[in-house]
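Containing mmCIF, C-alpha atoms and all ligand atoms: protein-v1.cif.
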data_structure
loop_
_atom_site.label_atom_id
_atom_site.label_comp_id
_atom_site.auth_asym_id
_atom_site.auth_seq_id
_atom_site.Cartn_x
_atom_site.Cartn_y
_atom_site.Cartn_z
CA MET A 28 13.57 -4.83 -2.50
CA LEU A 29 10.31 -6.74 -2.63
CA VAL A 30 7.95 -4.27 -0.98
CA THR A 31 4.91 -5.59 0.83
CA PRO A 32 1.79 -3.93 -0.59
CA PHE A 33 -0.15 -1.64 1.70
CA ALA A 34 -3.41 -2.98 3.04
CA PRO A 35 -6.12 -2.73 0.35
CA LEU A 36 -9.19 -0.71 1.44
CA GLY A 37 -7.43 -0.08 4.74
CA ILE A 38 -8.08 -3.68 5.81
CA PRO A 39 -4.98 -5.00 7.57
CA ARG A 40 -3.19 -7.87 5.88
CA LEU A 41 -3.36 -11.15 7.80
CA GLY A 42 -0.08 -12.88 8.55
CA VAL A 43 -0.71 -16.38 9.84
CA ASN A 44 1.90 -17.64 12.28
CA VAL A 45 2.27 -21.44 11.99
CA ASP A 46 4.76 -21.93 14.87
CA HIS A 47 2.28 -23.91 16.91
CA VAL A 48 1.67 -26.42 14.15
CA ALA A 49 5.36 -27.19 14.63
CA THR A 50 4.87 -27.23 18.43
CA LEU A 51 2.44 -30.12 17.97
CA ARG A 52 4.85 -31.93 15.67
CA GLU A 53 7.74 -31.51 18.11
CA ALA A 54 5.60 -32.94 20.92
CA ARG A 55 6.19 -36.34 19.31
CA GLY A 56 9.38 -35.56 17.45
CA GLY A 57 7.98 -36.87 14.18
CA VAL A 58 6.93 -35.27 10.93
CA ASP A 59 3.23 -34.51 11.53
CA PRO A 60 1.63 -32.02 11.42
CA ASP A 61 3.81 -30.19 8.92
CA PRO A 62 3.86 -26.38 9.29
CA VAL A 63 4.75 -26.09 5.59
CA ALA A 64 1.53 -27.89 4.62
CA ALA A 65 -0.41 -25.67 7.03
CA ALA A 66 1.16 -22.58 5.44
CA VAL A 67 0.06 -23.67 1.98
CA VAL A 68 -3.51 -24.24 3.24
CA ALA A 69 -3.44 -20.86 5.04
CA GLU A 70 -2.40 -18.98 1.91
CA ALA A 71 -5.08 -20.76 -0.13
CA ALA A 72 -7.62 -19.72 2.54
CA GLY A 73 -6.70 -16.05 2.15
CA ALA A 74 -3.71 -15.44 4.43
CA ASP A 75 -1.63 -12.57 3.03
CA GLY A 76 1.54 -14.00 4.44
CA ILE A 77 3.07 -16.68 6.65
CA THR A 78 5.04 -15.90 9.78
CA VAL A 79 7.42 -18.23 11.59
CA HIS A 80 9.82 -17.73 14.47
CA LEU A 81 13.11 -19.58 14.20
CA ARG A 82 13.98 -19.67 17.87
CA GLU A 83 17.52 -20.27 19.09
CA ASP A 84 16.25 -23.26 21.11
CA ARG A 85 14.38 -24.65 18.03
CA ARG A 86 11.44 -25.57 20.24
CA HIS A 87 9.00 -25.45 17.31
CA ILE A 88 10.11 -24.23 13.86
CA GLN A 89 13.22 -26.01 12.50
CA ASP A 90 15.77 -24.94 9.88
CA ARG A 91 14.18 -27.33 7.39
CA ASP A 92 10.84 -25.55 7.81
CA VAL A 93 12.16 -22.09 7.00
CA ARG A 94 14.10 -23.33 3.99
CA LEU A 95 11.05 -25.10 2.56
CA LEU A 96 8.67 -22.26 3.39
CA ARG A 97 10.83 -19.77 1.52
CA GLY A 98 10.22 -21.81 -1.63
CA PHE A 99 6.53 -22.53 -1.06
CA VAL A 100 4.85 -19.38 0.23
CA ARG A 101 4.16 -16.11 -1.53
CA HIS A 102 5.11 -13.94 1.43
CA MET A 103 7.29 -15.14 4.29
CA ASN A 104 7.91 -13.15 7.46
CA LEU A 105 10.76 -14.68 9.45
CA GLU A 106 11.01 -13.75 13.13
CA VAL A 107 14.48 -13.98 14.62
CA ALA A 108 16.37 -12.77 17.66
CA THR A 109 19.32 -10.44 17.03
CA GLU A 110 21.70 -13.31 17.85
CA SER A 111 24.25 -13.81 15.06
CA LYS A 112 23.61 -17.49 14.18
CA VAL A 113 19.90 -17.08 13.42
CA VAL A 114 20.53 -13.76 11.69
CA ALA A 115 23.05 -15.55 9.44
CA ILE A 116 20.41 -18.15 8.55
CA ALA A 117 17.91 -15.37 7.83
CA THR A 118 20.32 -13.54 5.52
CA GLU A 119 20.98 -16.77 3.66
CA ILE A 120 17.26 -17.56 3.30
CA ARG A 121 16.32 -14.00 2.21
CA PRO A 122 12.76 -13.87 3.51
CA HIS A 123 10.40 -11.25 2.10
CA ALA A 124 10.17 -9.78 5.58
CA ALA A 125 12.07 -10.23 8.82
CA CYS A 126 10.94 -9.28 12.30
CA LEU A 127 13.45 -8.84 15.12
CA VAL A 128 12.14 -10.16 18.41
CA PRO A 129 13.55 -10.55 21.94
CA GLU A 130 14.11 -14.07 23.18
CA ARG A 131 14.53 -15.59 26.60
CA ARG A 132 14.98 -19.33 26.85
CA GLU A 133 12.66 -19.86 29.78
CA GLU A 134 9.74 -17.85 28.35
CA VAL A 135 6.56 -19.59 27.17
CA THR A 136 6.20 -17.13 24.29
CA THR A 137 7.64 -13.72 23.30
CA GLU A 138 6.84 -11.82 26.47
CA GLY A 139 7.54 -8.22 25.57
CA GLY A 140 8.93 -6.04 22.84
CA LEU A 141 12.60 -5.71 21.97
CA ASP A 142 14.29 -2.83 23.80
CA CYS A 143 15.74 -0.91 20.84
CA THR A 144 17.59 1.52 23.11
CA LEU A 145 19.90 -1.10 24.67
CA GLU A 146 22.45 -1.84 21.94
CA PRO A 147 21.64 0.62 19.13
CA GLU A 148 24.77 -0.06 17.04
CA ARG A 149 24.33 -3.82 17.09
CA LEU A 150 20.64 -3.46 16.25
CA ALA A 151 21.42 -1.13 13.33
CA ASP A 152 23.98 -3.64 12.07
CA VAL A 153 21.43 -6.51 12.10
CA VAL A 154 18.75 -4.34 10.46
CA GLY A 155 21.28 -3.35 7.79
CA ARG A 156 22.32 -6.95 7.07
CA LEU A 157 18.73 -8.12 6.67
CA SER A 158 17.73 -5.08 4.57
CA GLU A 159 20.71 -5.70 2.29
CA VAL A 160 19.33 -9.11 1.29
CA GLY A 161 15.98 -7.52 0.40
CA ALA A 162 13.92 -8.18 3.53
CA GLN A 163 11.46 -5.61 4.81
CA VAL A 164 12.74 -5.34 8.37
CA SER A 165 10.45 -4.74 11.30
CA ILE A 166 11.13 -4.71 15.03
CA PHE A 167 8.69 -6.10 17.58
CA ILE A 168 8.27 -3.35 20.17
CA ASP A 169 6.03 -2.27 22.99
CA PRO A 170 3.79 0.69 22.03
CA ASP A 171 6.15 3.38 23.30
CA VAL A 172 7.39 6.52 21.53
CA ARG A 173 11.02 6.01 22.65
CA GLN A 174 11.00 2.55 21.10
CA LEU A 175 9.51 3.87 17.85
CA GLN A 176 12.24 6.48 17.57
CA ALA A 177 14.98 3.97 18.36
CA ALA A 178 13.58 1.49 15.81
CA ARG A 179 13.61 4.24 13.17
CA GLU A 180 17.15 5.23 14.09
CA ALA A 181 18.23 1.59 13.74
CA GLY A 182 17.03 1.75 10.12
CA ALA A 183 13.89 -0.39 10.38
CA SER A 184 11.18 0.45 7.87
CA CYS A 185 8.50 -1.12 10.00
CA VAL A 186 7.53 -1.95 13.57
CA GLU A 187 5.23 -4.61 14.95
CA LEU A 188 3.40 -3.38 18.03
CA HIS A 189 3.11 -5.94 20.84
CA THR A 190 -0.59 -6.35 21.59
CA GLY A 191 -0.05 -8.67 24.58
CA ARG A 192 -1.01 -6.12 27.27
CA TYR A 193 -4.21 -5.34 25.37
CA ALA A 194 -5.02 -9.04 24.97
CA ASP A 195 -4.30 -9.95 28.59
CA THR A 196 -6.31 -7.21 30.32
CA HIS A 197 -9.93 -6.16 30.69
CA GLY A 198 -11.95 -3.03 31.37
CA ALA A 199 -10.06 0.20 32.01
CA ALA A 200 -6.64 -1.46 31.73
CA ARG A 201 -7.55 -2.78 28.31
CA GLU A 202 -8.86 0.61 27.19
CA ALA A 203 -5.55 2.14 28.28
CA ALA A 204 -3.60 -0.54 26.38
CA LEU A 205 -5.69 0.12 23.28
CA ALA A 206 -5.10 3.87 23.60
CA ASP A 207 -1.34 3.21 23.74
CA LEU A 208 -1.56 1.10 20.58
CA ARG A 209 -3.50 3.88 18.79
CA MET A 210 -0.99 6.48 19.90
CA ALA A 211 1.96 4.33 18.81
CA ALA A 212 0.42 3.54 15.42
CA ALA A 213 -0.13 7.25 14.73
CA ALA A 214 3.32 8.23 15.99
CA GLY A 215 4.96 5.45 13.97
CA ARG A 216 3.27 6.51 10.75
CA GLU A 217 4.23 10.09 11.41
CA ILE A 218 7.95 9.21 11.44
CA GLY A 219 7.61 7.12 8.29
CA LEU A 220 7.31 3.62 9.75
CA ARG A 221 4.92 0.98 8.58
CA VAL A 222 2.99 -0.39 11.52
CA HIS A 223 2.04 -4.01 12.15
CA ALA A 224 0.57 -5.53 15.31
CA GLY A 225 0.30 -8.91 16.93
CA HIS A 226 0.36 -11.23 19.93
CA GLY A 227 -2.58 -12.74 21.75
CA LEU A 228 -5.15 -11.68 19.14
CA THR A 229 -8.24 -13.87 18.83
CA LEU A 230 -11.58 -13.90 17.02
CA ARG A 231 -13.04 -12.19 20.09
CA ASN A 232 -10.54 -9.39 20.64
CA VAL A 233 -9.13 -8.61 17.19
CA ALA A 234 -11.73 -6.04 16.02
CA PRO A 235 -10.55 -2.94 17.95
CA VAL A 236 -6.95 -3.56 16.88
CA ALA A 237 -7.93 -4.13 13.23
CA LEU A 238 -9.67 -0.74 13.32
CA ILE A 239 -6.64 1.23 14.50
CA ASP A 240 -5.74 3.72 11.79
CA GLY A 241 -2.42 2.99 10.18
CA VAL A 242 -2.05 -0.66 11.23
CA ASP A 243 -1.54 -2.51 7.98
CA GLU A 244 -0.72 -6.05 9.10
CA LEU A 245 -1.82 -8.33 11.91
CA ASN A 246 0.23 -11.40 12.78
CA ILE A 247 -1.83 -14.07 14.49
CA GLY A 248 -0.80 -17.57 15.46
CA HIS A 249 -1.95 -19.37 18.57
CA SER A 250 -5.68 -18.63 18.33
CA ILE A 251 -5.83 -19.70 14.66
CA VAL A 252 -3.97 -22.95 15.30
CA ALA A 253 -6.14 -23.64 18.37
CA ARG A 254 -9.32 -23.06 16.36
CA ALA A 255 -7.96 -25.13 13.47
CA ILE A 256 -7.86 -28.19 15.72
CA LEU A 257 -11.65 -27.95 16.00
CA VAL A 258 -12.70 -26.73 12.56
CA GLY A 259 -9.71 -27.24 10.24
CA PHE A 260 -6.96 -24.87 9.17
CA ASP A 261 -8.75 -23.59 6.10
CA GLN A 262 -11.84 -22.55 8.05
CA ALA A 263 -9.87 -21.11 10.96
CA VAL A 264 -7.96 -18.79 8.60
CA ARG A 265 -11.13 -17.79 6.72
CA GLU A 266 -12.92 -16.96 9.96
CA MET A 267 -10.10 -14.71 11.14
CA ARG A 268 -9.81 -13.02 7.76
CA ASP A 269 -13.59 -12.43 7.67
CA VAL A 270 -13.74 -11.12 11.24
CA ILE A 271 -10.98 -8.60 10.42
CA ARG A 272 -12.79 -7.49 7.26
CA VAL A 273 -16.16 -7.15 8.96
CA ALA A 274 -14.52 -5.33 11.88
CA VAL A 275 -12.97 -2.72 9.61
CA LEU A 276 -15.84 -2.25 7.15
CA GLY A 277 -18.54 -2.49 9.84
CA GLY A 278 -16.54 -0.40 12.30
CA ARG A 279 -16.19 2.38 9.75
CA ALA A 280 -19.95 2.29 9.18
CA LEU A 281 -20.32 2.69 12.95
CA GLY A 282 -18.07 5.74 12.93
CA GLY A 283 -14.90 3.98 14.04
CA ARG A 284 -16.34 1.97 16.91
CA ALA A 285 -15.27 -1.64 16.98
CA MET A 286 -17.52 -4.58 17.59
CA ASP A 287 -15.46 -6.21 20.30
CA GLY A 288 -16.57 -9.66 21.41
CA GLU A 289 -15.01 -9.09 24.84
CA GLY A 290 -16.60 -5.72 25.51
CA ALA A 291 -13.55 -3.43 25.40
N1 LIG B 1 4.03 -11.42 16.38
C1 LIG B 1 5.20 -11.73 17.00
C2 LIG B 1 6.38 -10.86 16.76
C3 LIG B 1 5.30 -12.88 17.81
O1 LIG B 1 6.47 -13.18 18.41
C4 LIG B 1 4.17 -13.69 17.97
C5 LIG B 1 4.24 -14.92 18.84
O2 LIG B 1 5.12 -15.83 18.34
C6 LIG B 1 2.99 -13.35 17.29
C7 LIG B 1 2.94 -12.19 16.53
C8 LIG B 1 1.76 -14.20 17.34
O3 LIG B 1 1.26 -14.26 18.62
P1 LIG B 1 0.08 -15.29 18.93
O4 LIG B 1 0.62 -16.66 18.69
O5 LIG B 1 -0.25 -15.02 20.35
O6 LIG B 1 -1.04 -14.95 17.98
#
Mind turning the file's structure into structure tokens?
Amino acid sequence: MLVTPFAPLGIPRLGVNVDHVATLREARGGVDPDPVAAAVVAEAAGADGITVHLREDRRHIQDRDVRLLRGFVRHMNLEVATESKVVAIATEIRPHAACLVPERREEVTTEGGLDCTLEPERLADVVGRLSEVGAQVSIFIDPDVRQLQAAREAGASCVELHTGRYADTHGAAREAALADLRMAAAAGREIGLRVHAGHGLTLRNVAPVALIDGVDELNIGHSIVARAILVGFDQAVREMRDVIRVAVLGGRALGGRAMDGEGA
């Protein structure tokens, strides 16, 4: 199996999600902008990997995109639901990493983590099939000990913690969400899981999450693509990469306190 390296110097790896480049393309049904081109620019700008979500409704990323990306990028993380048709495509494509996510057709974006306790046998079967083709399999979960245990029991080597509640709240609620993420990262590492995090992270709110001990990858999409429209994809990726680095190195110098642009 191609194992993703751990984060050097404890700085989380940056996975750039290019789904919303495809969203813009699909708005006109043409060929521009191409998420594959954006992925190549992102890697050149210092992204450690490229993430895409092949949704059942194909609202953004298309089959052609994942096939091309597999050939072009150094590290591809393919998000799929546990539904058999997209899992079959994933096993054929053999991504370096696969992340199992919940999907509801009417949702605007992935709204919560996958409930790993619902259909444990089916989940274990999907994890097994993706692991067999060499993918590092993670499951996108809410920061909850029961979910960590169930993900481990399903055979996943990794979890991605859903940071949406942290990103969408302020003040005490945000502190509580951050505490849950810290607890889940520590508990996940303790039972042998690699821990990633993502959803709703921006230049302003990423620092406290980047500083959580044991989180070795952040997957960030919408805010990078939104910023890229103003400053270009290359610069948008560099800015995010630099903010994560400064957060971790500077935060350590400050004794673990993060410099949070939103005052968490
Ligand atoms: N990680 C997972 C598993 C996701 O489903 C998403 C959203 O597609 C992201 C990370 C990125 O979230 P955002 O686009 O809000 O940065």
What are the centre and edge lengths in Å, to one decimal, of the axis-aligned box around all listed atoms of ligand LIG 1 (chain B) with 5 Å added on each side, as JSON?
{"center_x": 2.7, "center_y": -13.8, "center_z": 18.4, "size_x": 17.5, "size_y": 15.8, "size_z": 14.0}
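Checking A:Val233, A:Ala211, A:Ala117, A:Ile256 one by one against ligand LIG 1 (chain B), counting only C-alpha atoms and all ligand atoms, you find the shortest gap at A:Val233.
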Report as an MDAnalysis selection string which protein, DNA and RNA residues come within 9 Å of ligand LIG 1 (chain B), using all atoms listed in the file. chainID A and resid 42:47 78:80 106:107 126:129 136:140 166:168 187:191 194 223:229 245:252
At most 8 Å from (-0.2, 1.6, 22.1), file frame, all atoms listed in the file: which residues, as an MDAnalysis selection string? chainID A and resid 169:171 188 190 204:212
Write the residues of the preceding selection, restricted to C-alpha atoms, as a compact mmCIF listing (two decimals), in the coordinates of the input.
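Once written, part_7.txt looks like this:
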# COMPACT_ATOMS: atom_id res chain seq x y z
CA ASP A 169 6.03 -2.27 22.99
CA PRO A 170 3.79 0.69 22.03
CA ASP A 171 6.15 3.38 23.30
CA LEU A 188 3.40 -3.38 18.03
CA THR A 190 -0.59 -6.35 21.59
CA ALA A 204 -3.60 -0.54 26.38
CA LEU A 205 -5.69 0.12 23.28
CA ALA A 206 -5.10 3.87 23.60
CA ASP A 207 -1.34 3.21 23.74
CA LEU A 208 -1.56 1.10 20.58
CA ARG A 209 -3.50 3.88 18.79
CA MET A 210 -0.99 6.48 19.90
CA ALA A 211 1.96 4.33 18.81
CA ALA A 212 0.42 3.54 15.42
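Residue nearest Val242 in chain A within the list A:Leu281, A:Leu81, A:Ala177, A:Cys185: A:Cys185 [criterion: smallest interatomic distance, only C-alpha atoms].
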What residues have an atom no more than 12 Å from (-7.9, -11.8, 0.4) in the file's own frame, counting all atoms listed in the file, and can you write them as JSON, numbers by chain? {"A": [34, 35, 36, 38, 39, 40, 41, 42, 69, 70, 71, 72, 73, 74, 75, 76, 264, 265, 266, 267, 268, 269, 271, 272]}
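Of the listed residues (A:Arg149, A:Gly282, A:Leu141, A:Gly259), A:Gly259 comes nearest to Val68 in chain A; the distances count all atoms listed in the file.
Straight-line separation from CA of Ile218 in chain A to CA of Ser165 in chain A: 14.2 Å.
Nearest to Asn104 in chain A of all the residues A:Gln163, A:Tyr193, A:Gln89, A:Arg131 is A:Gln163, counting only C-alpha atoms.
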Missing atoms in range 49-77 of chain A: fill them in up to N, CA and C atoms and send the result as a PDB file, in the frame of the given file.
ATOM      1  N   ALA A  49       4.083 -26.524  14.365  1.00  0.00           N
ATOM      2  CA  ALA A  49       5.360 -27.190  14.630  1.00  0.00           C
ATOM      3  C   ALA A  49       5.470 -27.614  16.102  1.00  0.00           C
ATOM      4  N   THR A  50       4.848 -26.847  17.008  1.00  0.00           N
ATOM      5  CA  THR A  50       4.870 -27.230  18.430  1.00  0.00           C
ATOM      6  C   THR A  50       4.247 -28.619  18.588  1.00  0.00           C
ATOM      7  N   LEU A  51       3.138 -28.834  17.886  1.00  0.00           N
ATOM      8  CA  LEU A  51       2.440 -30.120  17.970  1.00  0.00           C
ATOM      9  C   LEU A  51       3.301 -31.243  17.379  1.00  0.00           C
ATOM     10  N   ARG A  52       3.953 -30.935  16.284  1.00  0.00           N
ATOM     11  CA  ARG A  52       4.850 -31.930  15.670  1.00  0.00           C
ATOM     12  C   ARG A  52       5.986 -32.289  16.631  1.00  0.00           C
ATOM     13  N   GLU A  53       6.590 -31.250  17.236  1.00  0.00           N
ATOM     14  CA  GLU A  53       7.740 -31.510  18.110  1.00  0.00           C
ATOM     15  C   GLU A  53       7.346 -32.277  19.372  1.00  0.00           C
ATOM     16  N   ALA A  54       6.047 -32.219  19.726  1.00  0.00           N
ATOM     17  CA  ALA A  54       5.600 -32.940  20.920  1.00  0.00           C
ATOM     18  C   ALA A  54       5.871 -34.441  20.783  1.00  0.00           C
ATOM     19  N   ARG A  55       5.899 -34.928  19.546  1.00  0.00           N
ATOM     20  CA  ARG A  55       6.190 -36.340  19.310  1.00  0.00           C
ATOM     21  C   ARG A  55       7.489 -36.564  18.550  1.00  0.00           C
ATOM     22  N   GLY A  56       8.099 -35.454  18.141  1.00  0.00           N
ATOM     23  CA  GLY A  56       9.380 -35.560  17.450  1.00  0.00           C
ATOM     24  C   GLY A  56       9.300 -36.218  16.085  1.00  0.00           C
ATOM     25  N   GLY A  57       8.114 -36.237  15.485  1.00  0.00           N
ATOM     26  CA  GLY A  57       7.980 -36.870  14.180  1.00  0.00           C
ATOM     27  C   GLY A  57       7.872 -35.865  13.053  1.00  0.00           C
ATOM     28  N   VAL A  58       7.028 -36.170  12.082  1.00  0.00           N
ATOM     29  CA  VAL A  58       6.930 -35.270  10.930  1.00  0.00           C
ATOM     30  C   VAL A  58       5.547 -34.612  10.806  1.00  0.00           C
ATOM     31  N   ASP A  59       4.592 -35.038  11.625  1.00  0.00           N
ATOM     32  CA  ASP A  59       3.230 -34.510  11.530  1.00  0.00           C
ATOM     33  C   ASP A  59       2.834 -33.774  12.814  1.00  0.00           C
ATOM     34  N   PRO A  60       2.045 -32.686  12.659  1.00  0.00           N
ATOM     35  CA  PRO A  60       1.630 -32.020  11.420  1.00  0.00           C
ATOM     36  C   PRO A  60       2.741 -31.138  10.868  1.00  0.00           C
ATOM     37  N   ASP A  61       2.737 -30.932   9.575  1.00  0.00           N
ATOM     38  CA  ASP A  61       3.810 -30.190   8.920  1.00  0.00           C
ATOM     39  C   ASP A  61       3.420 -28.701   8.788  1.00  0.00           C
ATOM     40  N   PRO A  62       4.193 -27.803   9.387  1.00  0.00           N
ATOM     41  CA  PRO A  62       3.860 -26.380   9.290  1.00  0.00           C
ATOM     42  C   PRO A  62       3.911 -25.857   7.846  1.00  0.00           C
ATOM     43  N   VAL A  63       4.672 -26.530   6.999  1.00  0.00           N
ATOM     44  CA  VAL A  63       4.750 -26.090   5.590  1.00  0.00           C
ATOM     45  C   VAL A  63       3.416 -26.377   4.905  1.00  0.00           C
ATOM     46  N   ALA A  64       2.853 -27.559   5.177  1.00  0.00           N
ATOM     47  CA  ALA A  64       1.530 -27.890   4.620  1.00  0.00           C
ATOM     48  C   ALA A  64       0.485 -26.916   5.150  1.00  0.00           C
ATOM     49  N   ALA A  65       0.555 -26.612   6.444  1.00  0.00           N
ATOM     50  CA  ALA A  65      -0.410 -25.670   7.030  1.00  0.00           C
ATOM     51  C   ALA A  65      -0.290 -24.290   6.375  1.00  0.00           C
ATOM     52  N   ALA A  66       0.941 -23.890   6.080  1.00  0.00           N
ATOM     53  CA  ALA A  66       1.160 -22.580   5.440  1.00  0.00           C
ATOM     54  C   ALA A  66       0.520 -22.535   4.060  1.00  0.00           C
ATOM     55  N   VAL A  67       0.650 -23.620   3.325  1.00  0.00           N
ATOM     56  CA  VAL A  67       0.060 -23.670   1.980  1.00  0.00           C
ATOM     57  C   VAL A  67      -1.467 -23.571   2.079  1.00  0.00           C
ATOM     58  N   VAL A  68      -2.054 -24.303   3.029  1.00  0.00           N
ATOM     59  CA  VAL A  68      -3.510 -24.240   3.240  1.00  0.00           C
ATOM     60  C   VAL A  68      -3.906 -22.808   3.656  1.00  0.00           C
ATOM     61  N   ALA A  69      -3.121 -22.211   4.538  1.00  0.00           N
ATOM     62  CA  ALA A  69      -3.440 -20.860   5.040  1.00  0.00           C
ATOM     63  C   ALA A  69      -3.436 -19.849   3.894  1.00  0.00           C
ATOM     64  N   GLU A  70      -2.436 -19.933   3.037  1.00  0.00           N
ATOM     65  CA  GLU A  70      -2.400 -18.980   1.910  1.00  0.00           C
ATOM     66  C   GLU A  70      -3.600 -19.199   0.988  1.00  0.00           C
ATOM     67  N   ALA A  71      -3.932 -20.473   0.741  1.00  0.00           N
ATOM     68  CA  ALA A  71      -5.080 -20.760  -0.130  1.00  0.00           C
ATOM     69  C   ALA A  71      -6.380 -20.237   0.499  1.00  0.00           C
ATOM     70  N   ALA A  72      -6.415 -20.175   1.836  1.00  0.00           N
ATOM     71  CA  ALA A  72      -7.620 -19.720   2.540  1.00  0.00           C
ATOM     72  C   ALA A  72      -7.658 -18.195   2.673  1.00  0.00           C
ATOM     73  N   GLY A  73      -6.643 -17.516   2.156  1.00  0.00           N
ATOM     74  CA  GLY A  73      -6.700 -16.050   2.150  1.00  0.00           C
ATOM     75  C   GLY A  73      -5.693 -15.357   3.057  1.00  0.00           C
ATOM     76  N   ALA A  74      -4.764 -16.110   3.653  1.00  0.00           N
ATOM     77  CA  ALA A  74      -3.710 -15.440   4.430  1.00  0.00           C
ATOM     78  C   ALA A  74      -2.865 -14.617   3.462  1.00  0.00           C
ATOM     79  N   ASP A  75      -2.470 -13.418   3.892  1.00  0.00           N
ATOM     80  CA  ASP A  75      -1.630 -12.570   3.030  1.00  0.00           C
ATOM     81  C   ASP A  75      -0.158 -12.897   3.194  1.00  0.00           C
ATOM     82  N   GLY A  76       0.154 -13.647   4.226  1.00  0.00           N
ATOM     83  CA  GLY A  76       1.540 -14.000   4.440  1.00  0.00           C
ATOM     84  C   GLY A  76       1.637 -15.047   5.537  1.00  0.00           C
ATOM     85  N   ILE A  77       2.819 -15.647   5.637  1.00  0.00           N
ATOM     86  CA  ILE A  77       3.070 -16.680   6.650  1.00  0.00           C
ATOM     87  C   ILE A  77       4.221 -16.204   7.523  1.00  0.00           C
TER      88      ILE A  77
END
